[in-house]
$ cat data31.pdb   # PDB, C-alpha atoms
ATOM      1  CA  MET N   1      11.239 -48.014  44.616
ATOM      2  CA  ASN N   2      14.241 -45.763  45.104
ATOM      3  CA  ARG N   3      13.369 -42.456  46.762
ATOM      4  CA  ASN N   4      15.259 -40.465  44.114
ATOM      5  CA  ILE N   5      13.363 -42.212  41.335
ATOM      6  CA  ILE N   6      10.059 -41.411  43.036
ATOM      7  CA  LEU N   7      11.007 -37.759  43.390
ATOM      8  CA  THR N   8      12.105 -37.613  39.746
ATOM      9  CA  LEU N   9       8.868 -39.174  38.496
ATOM     10  CA  SER N  10       6.847 -36.817  40.696
ATOM     11  CA  PHE N  11       8.697 -33.820  39.266
ATOM     12  CA  ILE N  12       8.133 -34.993  35.679
ATOM     13  CA  THR N  13       4.423 -35.521  36.387
ATOM     14  CA  LEU N  14       4.188 -32.040  37.874
ATOM     15  CA  LEU N  15       5.798 -30.504  34.787
ATOM     16  CA  ALA N  16       3.525 -32.465  32.453
ATOM     17  CA  GLY N  17       0.470 -31.215  34.285
ATOM     18  CA  CYS N  18       1.436 -27.559  34.066
ATOM     19  CA  ALA N  19      -0.165 -25.577  31.255
ATOM     20  CA  THR N  20       1.626 -22.544  29.873
ATOM     21  CA  GLN N  21       0.162 -19.580  28.035
ATOM     22  CA  SER N  22       1.769 -16.860  25.973
ATOM     23  CA  HIS N  23       0.643 -14.041  23.739
ATOM     24  CA  ARG N  24       2.163 -11.395  21.523
ATOM     25  CA  THR N  25       1.106  -8.653  19.171
ATOM     26  CA  VAL N  26       1.367  -9.502  15.479
ATOM     27  CA  ALA N  27       1.968  -6.498  13.233
ATOM     28  CA  VAL N  28      -0.398  -6.141  10.289
ATOM     29  CA  GLU N  29       1.327  -5.154   7.063
ATOM     30  CA  PRO N  30       0.073  -1.610   6.354
ATOM     31  CA  MET N  31      -1.731  -0.520   3.233
ATOM     32  CA  VAL N  32       0.909   0.939   0.913
ATOM     33  CA  LEU N  33      -0.711   3.322  -1.533
ATOM     34  CA  ASN N  34       0.577   4.955  -4.673
ATOM     35  CA  THR N  35      -0.551   8.324  -3.381
ATOM     36  CA  VAL N  36       0.083  11.029  -0.816
ATOM     37  CA  SER N  37      -2.448  11.691   1.942
ATOM     38  CA  TYR N  38      -5.861  12.514   0.496
ATOM     39  CA  SER N  39      -8.635  14.651   1.992
ATOM     40  CA  GLY N  40     -10.771  15.444  -1.065
ATOM     41  CA  PRO N  41     -14.250  14.235  -2.070
ATOM     42  CA  LYS N  42     -15.004  10.528  -1.929
ATOM     43  CA  THR N  43     -17.121   8.384  -4.220
ATOM     44  CA  THR N  44     -19.697   6.068  -2.638
ATOM     45  CA  ILE N  45     -19.208   2.435  -3.628
ATOM     46  CA  VAL N  46     -20.531  -0.951  -2.620
ATOM     47  CA  VAL N  47     -18.746  -4.284  -2.970
ATOM     48  CA  GLY N  48     -21.046  -6.633  -4.849
ATOM     49  CA  ASP N  49     -20.529 -10.230  -5.884
ATOM     50  CA  PHE N  50     -17.097 -11.626  -5.128
ATOM     51  CA  SER N  51     -16.565 -15.321  -5.696
ATOM     52  CA  ASN N  52     -13.941 -17.983  -6.121
ATOM     53  CA  LYS N  53     -13.686 -18.808  -9.819
ATOM     54  CA  SER N  54     -10.460 -20.767  -9.485
ATOM     55  CA  ASP N  55     -10.215 -24.563  -9.260
ATOM     56  CA  TYR N  56      -9.124 -24.363  -5.622
ATOM     57  CA  MET N  57     -11.656 -25.911  -3.177
ATOM     58  CA  GLN N  58     -14.009 -26.654  -6.056
ATOM     59  CA  GLY N  59     -13.703 -30.422  -6.141
ATOM     60  CA  LEU N  60     -16.200 -33.166  -5.415
ATOM     61  CA  PHE N  61     -15.557 -33.129  -1.683
ATOM     62  CA  SER N  62     -15.586 -29.356  -1.209
ATOM     63  CA  SER N  63     -18.299 -27.650   0.820
ATOM     64  CA  ASN N  64     -20.982 -25.465  -0.689
ATOM     65  CA  THR N  65     -19.630 -22.427   1.150
ATOM     66  CA  ASP N  66     -17.421 -20.091  -0.852
ATOM     67  CA  LYS N  67     -14.913 -19.447   1.929
ATOM     68  CA  LEU N  68     -12.211 -18.105  -0.367
ATOM     69  CA  GLY N  69     -14.549 -15.633  -2.077
ATOM     70  CA  SER N  70     -15.999 -14.442   1.227
ATOM     71  CA  GLN N  71     -12.522 -13.977   2.688
ATOM     72  CA  ALA N  72     -11.410 -11.972  -0.350
ATOM     73  CA  LYS N  73     -14.538  -9.774  -0.162
ATOM     74  CA  VAL N  74     -13.893  -8.842   3.467
ATOM     75  CA  ILE N  75     -10.262  -7.986   2.662
ATOM     76  CA  LEU N  76     -11.322  -5.843  -0.306
ATOM     77  CA  LYS N  77     -13.855  -3.853   1.714
ATOM     78  CA  THR N  78     -11.280  -3.205   4.424
ATOM     79  CA  LEU N  79      -8.582  -2.057   2.007
ATOM     80  CA  LEU N  80     -10.968   0.187   0.070
ATOM     81  CA  GLN N  81     -11.948   1.904   3.304
ATOM     82  CA  GLN N  82      -8.313   2.218   4.392
ATOM     83  CA  SER N  83      -7.422   3.861   1.081
ATOM     84  CA  ASN N  84      -9.378   6.954   2.216
ATOM     85  CA  ARG N  85     -10.607   7.456  -1.367
ATOM     86  CA  PHE N  86     -14.084   5.919  -1.110
ATOM     87  CA  LYS N  87     -17.174   5.811   1.046
ATOM     88  CA  VAL N  88     -17.811   2.091   1.366
ATOM     89  CA  VAL N  89     -21.417   1.171   2.193
ATOM     90  CA  ASP N  90     -22.396  -2.150   3.742
ATOM     91  CA  ARG N  91     -25.218  -4.207   2.255
ATOM     92  CA  GLN N  92     -24.536  -7.523   3.990
ATOM     93  CA  ASN N  93     -25.783  -6.486   7.430
ATOM     94  CA  MET N  94     -28.841  -4.438   6.473
ATOM     95  CA  ALA N  95     -31.257  -6.359   8.710
ATOM     96  CA  GLN N  96     -29.034  -6.108  11.777
ATOM     97  CA  ILE N  97     -28.361  -2.419  11.142
ATOM     98  CA  ALA N  98     -32.104  -1.773  10.834
ATOM     99  CA  VAL N  99     -32.715  -3.453  14.191
ATOM    100  CA  GLU N 100     -30.061  -1.318  15.888
ATOM    101  CA  ALA N 101     -31.508   1.876  14.367
ATOM    102  CA  LYS N 102     -34.958   0.913  15.632
ATOM    103  CA  LEU N 103     -33.594   0.278  19.105
ATOM    104  CA  ARG N 104     -32.033   3.741  19.058
ATOM    105  CA  GLY N 105     -35.349   5.230  17.958
ATOM    106  CA  ILE N 106     -33.888   6.838  14.841
ATOM    107  CA  LYS N 107     -34.951   6.731  11.201
ATOM    108  CA  GLN N 108     -32.427   5.330   8.789
ATOM    109  CA  ASN N 109     -31.128   7.396   5.894
ATOM    110  CA  ILE N 110     -29.562   4.736   3.693
ATOM    111  CA  LYS N 111     -27.338   6.162   1.004
ATOM    112  CA  GLY N 112     -27.183   4.555  -2.410
ATOM    113  CA  ALA N 113     -23.880   3.820  -4.099
ATOM    114  CA  ARG N 114     -23.031   5.197  -7.516
ATOM    115  CA  TYR N 115     -20.675   2.315  -8.326
ATOM    116  CA  THR N 116     -20.508  -1.381  -7.562
ATOM    117  CA  ILE N 117     -17.263  -3.322  -7.446
ATOM    118  CA  THR N 118     -17.523  -6.946  -8.501
ATOM    119  CA  GLY N 119     -14.648  -9.360  -8.455
ATOM    120  CA  ALA N 120     -13.366 -12.885  -8.378
ATOM    121  CA  VAL N 121     -10.447 -15.011  -7.346
ATOM    122  CA  THR N 122      -9.581 -16.183 -10.854
ATOM    123  CA  GLU N 123      -6.490 -18.214  -9.946
ATOM    124  CA  PHE N 124      -5.456 -19.789  -6.663
ATOM    125  CA  GLY N 125      -3.102 -22.593  -5.827
ATOM    126  CA  ARG N 126      -0.834 -24.060  -3.188
ATOM    127  CA  LYS N 127       2.171 -26.298  -3.422
ATOM    128  CA  THR N 128       4.836 -27.703  -1.147
ATOM    129  CA  ILE N 129       8.383 -28.291  -2.342
ATOM    130  CA  GLY N 130      11.340 -29.686  -0.416
ATOM    131  CA  ASP N 131      14.886 -30.927  -0.550
ATOM    132  CA  LYS N 132      17.058 -33.354   1.419
ATOM    133  CA  GLN N 133      20.769 -33.342   2.130
ATOM    134  CA  LEU N 134      22.339 -36.812   2.082
ATOM    135  CA  PHE N 135      18.898 -38.492   2.044
ATOM    136  CA  GLY N 136      17.753 -36.309   4.918
ATOM    137  CA  ILE N 137      20.540 -37.345   7.283
ATOM    138  CA  LEU N 138      22.266 -33.950   7.203
ATOM    139  CA  GLY N 139      19.101 -31.928   6.913
ATOM    140  CA  ALA N 140      15.945 -31.180   4.972
ATOM    141  CA  GLY N 141      14.003 -28.122   3.893
ATOM    142  CA  LYS N 142      10.393 -27.452   2.984
ATOM    143  CA  SER N 143       8.664 -24.499   1.347
ATOM    144  CA  GLN N 144       4.913 -23.874   1.317
ATOM    145  CA  ILE N 145       3.894 -21.573  -1.519
ATOM    146  CA  ALA N 146       0.503 -19.962  -2.126
ATOM    147  CA  TYR N 147      -0.424 -18.037  -5.283
ATOM    148  CA  SER N 148      -3.499 -15.958  -6.113
ATOM    149  CA  LYS N 149      -4.796 -13.731  -8.879
ATOM    150  CA  ILE N 150      -7.636 -11.261  -8.401
ATOM    151  CA  SER N 151      -9.826  -9.563 -11.022
ATOM    152  CA  LEU N 152     -11.973  -6.512 -10.220
ATOM    153  CA  ASN N 153     -14.566  -4.587 -12.232
ATOM    154  CA  ILE N 154     -16.164  -1.247 -11.387
ATOM    155  CA  VAL N 155     -19.744  -1.044 -12.658
ATOM    156  CA  ASP N 156     -21.804   2.146 -13.057
ATOM    157  CA  VAL N 157     -25.162   1.395 -11.409
ATOM    158  CA  LEU N 158     -26.956   3.893 -13.687
ATOM    159  CA  THR N 159     -25.898   2.276 -16.932
ATOM    160  CA  SER N 160     -24.630  -1.170 -15.811
ATOM    161  CA  GLU N 161     -21.494  -0.382 -17.816
ATOM    162  CA  VAL N 162     -18.151  -1.731 -16.689
ATOM    163  CA  ILE N 163     -16.106   1.464 -16.555
ATOM    164  CA  TYR N 164     -12.880   0.036 -15.172
ATOM    165  CA  SER N 165     -11.104  -3.303 -14.759
ATOM    166  CA  THR N 166      -7.913  -4.281 -13.009
ATOM    167  CA  GLN N 167      -6.021  -7.353 -11.838
ATOM    168  CA  GLY N 168      -3.499  -8.194  -9.169
ATOM    169  CA  ALA N 169      -1.462 -11.314  -8.477
ATOM    170  CA  GLY N 170       0.980 -12.397  -5.817
ATOM    171  CA  GLU N 171       2.807 -15.254  -4.186
ATOM    172  CA  TYR N 172       3.524 -15.958  -0.518
ATOM    173  CA  GLU N 173       6.107 -18.442   0.703
ATOM    174  CA  LEU N 174       6.870 -20.055   4.072
ATOM    175  CA  ASN N 175      10.234 -21.777   4.452
ATOM    176  CA  SER N 176      11.465 -24.180   7.126
ATOM    177  CA  ARG N 177      14.714 -26.111   7.421
ATOM    178  CA  GLN N 178      16.235 -28.704   9.708
ATOM    179  CA  VAL N 179      19.980 -29.354   9.935
ATOM    180  CA  ILE N 180      21.014 -32.646  11.581
ATOM    181  CA  GLY N 181      17.816 -32.741  13.601
ATOM    182  CA  PHE N 182      17.825 -29.072  14.587
ATOM    183  CA  GLY N 183      15.622 -26.318  13.220
ATOM    184  CA  SER N 184      11.976 -25.794  12.388
ATOM    185  CA  SER N 185       9.586 -28.276  10.844
ATOM    186  CA  ALA N 186       6.440 -26.346   9.965
ATOM    187  CA  GLY N 187       3.173 -28.119   9.275
ATOM    188  CA  TYR N 188       0.447 -26.950   6.898
ATOM    189  CA  ASP N 189      -0.117 -23.216   7.379
ATOM    190  CA  SER N 190      -3.653 -22.207   6.382
ATOM    191  CA  THR N 191      -2.926 -18.516   7.084
ATOM    192  CA  LEU N 192      -0.998 -18.336   3.810
ATOM    193  CA  ASN N 193      -4.362 -18.206   2.020
ATOM    194  CA  GLY N 194      -5.325 -14.944   3.670
ATOM    195  CA  LYS N 195      -1.844 -13.477   3.324
ATOM    196  CA  VAL N 196      -1.612 -14.047  -0.425
ATOM    197  CA  LEU N 197      -5.185 -12.794  -0.969
ATOM    198  CA  ASP N 198      -4.368  -9.642   1.006
ATOM    199  CA  PHE N 199      -1.214  -9.133  -1.063
ATOM    200  CA  SER N 200      -3.011  -9.560  -4.409
ATOM    201  CA  ILE N 201      -5.981  -7.370  -3.496
ATOM    202  CA  LYS N 202      -3.664  -4.600  -2.294
ATOM    203  CA  GLN N 203      -2.276  -4.499  -5.823
ATOM    204  CA  THR N 204      -5.733  -4.003  -7.332
ATOM    205  CA  VAL N 205      -6.617  -1.219  -4.885
ATOM    206  CA  ASN N 206      -3.273   0.449  -5.561
ATOM    207  CA  ASN N 207      -4.027   0.240  -9.282
ATOM    208  CA  MET N 208      -7.351   1.989  -8.693
ATOM    209  CA  ILE N 209      -5.724   4.773  -6.654
ATOM    210  CA  ARG N 210      -3.003   5.243  -9.254
ATOM    211  CA  ASP N 211      -5.513   5.490 -12.097
ATOM    212  CA  LEU N 212      -7.727   7.876 -10.125
ATOM    213  CA  GLU N 213      -4.733  10.163  -9.755
ATOM    214  CA  ASN N 214      -3.633  10.010 -13.403
ATOM    215  CA  GLY N 215      -7.165  10.337 -14.773
ATOM    216  CA  THR N 216      -7.472   6.861 -16.293
ATOM    217  CA  LEU N 217     -10.271   6.044 -13.844
ATOM    218  CA  LYS N 218     -12.943   8.744 -13.799
ATOM    219  CA  VAL N 219     -15.784   8.528 -11.299
ATOM    220  CA  GLU N 220     -18.607  10.831 -10.251
ATOM    221  CA  LEU N 221     -19.664  11.611  -6.723
TER     222      LEU N 221
END
$ encode --input "data31.pdb" --output "structure tokens"
Amino acid sequence: MNRNIILTLSFITLLAGCATQSHRTVAVEPMVLNTVSYSGPKTTIVVGDFSNKSDYMQGLFSSNTDKLGSQAKVILKTLLQQSNRFKVVDRQNMAQIAVEAKLRGIKQNIKGARYTITGAVTEFGRKTIGDKQLFGILGAGKSQIAYSKISLNIVDVLTSEVIYSTQGAGEYELNSRQVIGFGSSAGYDSTLNGKVLDFSIKQTVNNMIRDLENGTLKVEL
């Protein structure tokens, strides 16, 4: 075998065996509130049941785990805390928290919440649309679109009365395009689910802040 060919094959093999790593910081879209900075009293709340009531992931072959509802609940708790208007108490990790308190040798002083927030993903869907130029010879484009709608209720734990309701909806889109073989060709992006949930839930929290400020939502400490 020609010496040059051997060297070329050896170089290609060397490149194929090399693994590369990279990392970068991804900016998280900040919570945009309909309010100025707030430092007043805060109402104690707990996030209760939050489930997926849409048709998404509810078919015959879906799992018994409500991943969409659980994901939305975590996002809601985070955004409520970031709003700086509420004291959010955790009820999902009570056993683990009790163990840590015992290990520290301290007695817990669990605080009860005056209000419970319940919610649901009432609508959720995904679709992919595309187009081709000259039967795909000159190029093609694809858009992945995710849509969600969130409903929230604030319940007074003393009376079990729903004192406030709000909704938020949003759409997130990922576009890719190739022109004569050049460009991006994105596969299925599961992160769109979290992005559109985050966007919709931000609307509901903003609605709550707005109505706290204008007096439509009245809560007690």
$ residues_around --input "data31.pdb" --residues "Gly119 of chain N" --least-positions-apart "4" --cutoff "9 Å" --atoms "all atoms listed in the file" --output "PDB file with C-alpha atoms, in the frame of the given file"
ATOM      1  CA  VAL N  47     -18.746  -4.284  -2.970  1.00  0.00           C
ATOM      2  CA  GLY N  48     -21.046  -6.633  -4.849  1.00  0.00           C
ATOM      3  CA  ASP N  49     -20.529 -10.230  -5.884  1.00  0.00           C
ATOM      4  CA  PHE N  50     -17.097 -11.626  -5.128  1.00  0.00           C
ATOM      5  CA  SER N  51     -16.565 -15.321  -5.696  1.00  0.00           C
ATOM      6  CA  ASN N  52     -13.941 -17.983  -6.121  1.00  0.00           C
ATOM      7  CA  GLY N  69     -14.549 -15.633  -2.077  1.00  0.00           C
ATOM      8  CA  LYS N  73     -14.538  -9.774  -0.162  1.00  0.00           C
ATOM      9  CA  ILE N 150      -7.636 -11.261  -8.401  1.00  0.00           C
ATOM     10  CA  SER N 151      -9.826  -9.563 -11.022  1.00  0.00           C
ATOM     11  CA  LEU N 152     -11.973  -6.512 -10.220  1.00  0.00           C
ATOM     12  CA  ASN N 153     -14.566  -4.587 -12.232  1.00  0.00           C
ATOM     13  CA  ILE N 154     -16.164  -1.247 -11.387  1.00  0.00           C
TER      14      ILE N 154
END
$ closest_residue --input "data31.pdb" --among "N:Thr122, N:Thr159, N:Ser148, N:Gln96" --to "Lys53 of chain N" --atoms "all atoms listed in the file"
N:Thr122
$ residues_around --input "data31.pdb" --residues "segment 204-207 of chain N" --least-positions-apart "3" --cutoff "7 Å" --atoms "only C-alpha atoms" --output "list in words"
Leu33, Asn34, Leu80, Thr166, Gln167, Gly168, Ser200, Ile201, Arg210 and Asp211 of chain N
$ closest_residue --input "data31.pdb" --among "N:Gln81, N:Met94, N:Phe86, N:Val121" --to "Asp55 of chain N" --atoms "only C-alpha atoms"
N:Val121
$ resolve_selection --input "data31.pdb" --expression "the PyMOL selection byres ((chain N and resi 82) around 12)" --output "NGL selection string"
:N and (30-33 or 37-38 or 75-81 or 83-88 or 202 or 205-206 or 209)
$ atom_distance --input "data31.pdb" --atom1 "atom CA of Pro41 of chain N" --atom2 "atom CA of Leu212 of chain N"
12.2 Å
$ atom_distance --input "data31.pdb" --atom1 "atom CA of Ser54 of chain N" --atom2 "atom CA of Glu123 of chain N"
4.7 Å
$ closest_residue --input "data31.pdb" --among "N:Ala113, N:Leu68, N:Leu174, N:Leu197" --to "Glu220 of chain N" --atoms "all atoms listed in the file"
N:Ala113
$ resolve_selection --input "data31.pdb" --expression "the PyMOL selection byres ((chain N and resi 115) around 7)" --output "tab-separated table (two decimals) with C-alpha atoms, in the coordinates of the input"
chain	number	residue	atom	x	y	z
N	44	THR	CA	-19.70	6.07	-2.64
N	45	ILE	CA	-19.21	2.44	-3.63
N	46	VAL	CA	-20.53	-0.95	-2.62
N	113	ALA	CA	-23.88	3.82	-4.10
N	114	ARG	CA	-23.03	5.20	-7.52
N	116	THR	CA	-20.51	-1.38	-7.56
N	117	ILE	CA	-17.26	-3.32	-7.45
N	154	ILE	CA	-16.16	-1.25	-11.39
N	155	VAL	CA	-19.74	-1.04	-12.66
N	156	ASP	CA	-21.80	2.15	-13.06
N	157	VAL	CA	-25.16	1.40	-11.41
$ closest_residue --input "data31.pdb" --among "N:Ile110, N:Ser63, N:Leu103, N:Ala72" --to "Asp90 of chain N" --atoms "all atoms listed in the file"
N:Ile110
$ atom_distance --input "data31.pdb" --atom1 "atom CA of Asp198 of chain N" --atom2 "atom CA of Val74 of chain N"
9.9 Å
$ resolve_selection --input "data31.pdb" --expression "the PyMOL selection byres ((chain N and resi 125) around 8)" --output "mmCIF file with C-alpha atoms, in the frame of the given file"
data_model
loop_
_atom_site.group_PDB
_atom_site.id
_atom_site.type_symbol
_atom_site.label_atom_id
_atom_site.label_comp_id
_atom_site.auth_asym_id
_atom_site.auth_seq_id
_atom_site.Cartn_x
_atom_site.Cartn_y
_atom_site.Cartn_z
ATOM 1 C CA TYR N 56 -9.124 -24.363 -5.622
ATOM 2 C CA GLU N 123 -6.490 -18.214 -9.946
ATOM 3 C CA PHE N 124 -5.456 -19.789 -6.663
ATOM 4 C CA ARG N 126 -0.834 -24.060 -3.188
ATOM 5 C CA LYS N 127 2.171 -26.298 -3.422
ATOM 6 C CA ALA N 146 0.503 -19.962 -2.126
ATOM 7 C CA TYR N 147 -0.424 -18.037 -5.283
ATOM 8 C CA SER N 148 -3.499 -15.958 -6.113
#
